[in-house]
Amino acid sequence: MLPDFTFLIEVLGTVSFAMSGSFAAMQKRFDPFGVLIIAFVTSVGGGTVRDLLLDVPVFWMHDLLAVSLIFFTAIFTMIFKLIEKKFQVTLFIFDSLGLGLFTIIGVQKGLNADLHPVIGVVLGTITGCFGGIIRDILLNRIPLIFRKEIYATAAIAGGIVYILLKNFSGLSEEINQILTILLIVSIRTLAVKYHWQMPKFYGNFNDAEM
Amino acid sequence: MLPDFTFLIEVLGTVSFAMSGSFAAMQKRFDPFGVLIIAFVTSVGGGTVRDLLLDVPVFWMHDLLAVSLIFFTAIFTMIFKLIEKKFQVTLFIFDSLGLGLFTIIGVQKGLNADLHPVIGVVLGTITGCFGGIIRDILLNRIPLIFRKEIYATAAIAGGIVYILLKNFSGLSEEINQILTILLIVSIRTLAVKYHWQMPKFYGNFNDAEM
Amino acid sequence: MLPDFTFLIEVLGTVSFAMSGSFAAMQKRFDPFGVLIIAFVTSVGGGTVRDLLLDVPVFWMHDLLAVSLIFFTAIFTMIFKLIEKKFQVTLFIFDSLGLGLFTIIGVQKGLNADLHPVIGVVLGTITGCFGGIIRDILLNRIPLIFRKEIYATAAIAGGIVYILLKNFSGLSEEINQILTILLIVSIRTLAVKYHWQMPKFYGNFNDAEM
């Protein structure tokens, strides 16, 4: 049952990040192929970097699942662009679900490769966050992750809790996954709802000569 | 004869992308080493990402051909900078040739690695377009591919036609390559000449909270 | 004794690039997790690209040394942010040391993989410079390497001299390393002190149609 469950949420994650990328590209007035490309890199970016770092086959290259999902999601998003306000909440939930799921998949793959749990959390954070970072680099803006509330923080917290549950809770893998994904989604939701922010630096800095 | 032919156009592609990168960096007033570095990443960027994704040796690391070609092209471009207007058309043709050739090489390498044809087209598009994307990221601007007429579209169309010809035409590999490269160059040329554009999105988008 | 020596300067390099990244992110008013992430990519970026290109295990994934060093350096830098003026010179020296050491490590690893010396110099330059490039891309600015005095130039010069010393000097490996690192640090220091710059291009360039 585990593969089916992971598979289901991986599909949801892929779809939600493809939507998030499509909306961002449409906001920047890209043409349909530009939207498709941004949807693609947002959705597969994190997992691609993860697989390159682990030196395993890159996940989207060996079947058509991810590419097809992204293609139809981008088309669907472009066709229904006019009613996107109705999607906004759904989209937010999907994006957070995607962050949660991709983070946990990244941590799992890291642990399966016998990496130290801390490195697993780093890898999970990269998997969850990197697609959005590449999206924002291509859109020529400072990545959202550095501008908005608690985003990487949610991924890091989720990754740590997942490893703690896995080692000490005695619960089943599915339950651990669901609890951790709910945690990440909850942190994100509460952070946006109540405008949680980490404190920022406001001191005077001089441009160092380097 | 196939390797020689592929080799010849690979050389032309490398040179043309190195020129394209050099001009872009000179427009931004970079110093000679900056020009050299931008020429290098523009020229090898797409193929490097392709080889990393395929997990095969990175093409420019095992002989001096690409590095030498790029070095001398960048030097040559810098020395003759004052007459670049005369180069503009040549440069455009070379850049389009480079796009065509690198795309086809990417598709070929994908098919040789037993990937699905659709993934082959994706890999070809990455190979043809990624160097220019990295160049524009380093120049801190929205990649040209998202701002200008039909660029990725030409690569995608060329990749699809190449695979169709290969499977159904009965023509030789060289003919297939030449026809597809001509197709990509023609699409690019006509798109620039007649200002073809894909329709863009002009609706009102609100910055989604994510 | 060689591993210890290389190890010592690798630690110094990691710490100095983590500091450099932390300061840059704090100047941009990032929150603590943003600072941590920028410190991380600045410090491991060059070596990660190097290891991916060489297709060897990525250095920071198999023990906690680099991640711990970066974590504590970033925390330390954030806590002591108010007295950073006192650190400026130290920081500059460390950043230059980091550039020197990481460049030489990159060249060494390239030569150990039986690459041509010229490719070794390219790989060393990538190792020394790429972390700072990724840092600046994430901060949405033109990479420092293209804006400031002699930076890549110092890495390239150091890489060439290292290979010449290794092949023709008869000196021990440690001495070669120390001399080359001193050379890179000296070039950087003199370039900053005396505002050395490579000549830039000031001609009129028209935006080419491509």
# chains A, B, ... in the order shown; residues from 1 in each chain; ligands from 1
>>> interface_residues(of="chain A", to="chain B", cutoff="6 Å", atoms="only C-alpha atoms", output="PyMOL selection string")
chain A and resi 26-27+29-31+34+139-140
>>> atom_distance(atom1="CA of Leu144 in chain B", atom2="CA of Leu183 in chain B")
20.4 Å
>>> residues_around(residues="range 75-80 of chain B", least_positions_apart="3", cutoff="8 Å", atoms="only C-alpha atoms", output="number ranges by chain")
B: 19, 22-23, 26, 32, 36, 71-72, 83-84
>>> write_last_selection(atoms="C-alpha atoms", output="CSV table (one decimal), in the first residue's frame")
chain,number,residue,atom,x,y,z
B,19,MET,CA,29.7,34.2,-30.4
B,22,SER,CA,30.4,36.9,-26.3
B,23,PHE,CA,28.3,39.6,-27.9
B,26,MET,CA,30.2,42.7,-24.5
B,32,PRO,CA,37.5,40.0,-21.3
B,36,LEU,CA,35.1,34.3,-22.0
B,71,PHE,CA,38.4,30.4,-26.4
B,72,PHE,CA,39.4,31.4,-30.0
B,83,ILE,CA,32.5,45.5,-37.1
B,84,GLU,CA,29.8,43.5,-35.4
>>> atom_distance(atom1="CA of Leu101 in chain A", atom2="CA of Gln177 in chain A")
8.0 Å
>>> residues_around(residues="Val161 in chain A", least_positions_apart="3", cutoff="12 Å", atoms="only C-alpha atoms", output="ChimeraX atom specification")
/A:100,103-104,107,117-118,121,154-158,164-169,176-184
>>> residues_around(residues="Gly46 in chain B", least_positions_apart="6", cutoff="8 Å", atoms="only C-alpha atoms", output="list in words")
Ile126, Thr127, Gly128, Cys129, Phe130 and Gly131 of chain B
>>> residues_around(residues="Asp95 in chain B", least_positions_apart="2", cutoff="8 Å", atoms="only C-alpha atoms", output="list in words")
Gly13, Ser16, Phe17, Ser20, Leu91, Phe92, Ile93, Leu97, Gly98 and Leu99 of chain B; Met210 of chain C
>>> residues_around(residues="Ile70 in chain C", least_positions_apart="6", cutoff="8 Å", atoms="only C-alpha atoms", output="list of chain:residue names")
C:Thr14, C:Val15, C:Ala18, C:Leu36, C:Ala39, C:Phe40, C:Ser43
>>> write_last_selection(atoms="C-alpha atoms", output="compact mmCIF listing (two decimals), in the first residue's frame")
# COMPACT_ATOMS: atom_id res chain seq x y z
CA THR C 14 34.28 26.45 3.71
CA VAL C 15 34.08 28.81 6.68
CA ALA C 18 29.89 30.60 4.42
CA LEU C 36 21.60 29.89 6.27
CA ALA C 39 25.65 30.53 3.28
CA PHE C 40 25.15 26.91 2.28
CA SER C 43 30.02 27.44 0.40
>>> atom_distance(atom1="CA of Ile163 in chain A", atom2="CA of Gly124 in chain A")
11.1 Å
>>> select_by_dssp(residues="range 22-117 of chain B", states="helix (DSSP H, G or I)", output="PyMOL selection string")
chain B and resi 22-27+32-54+59-61+65-79+81-112+117
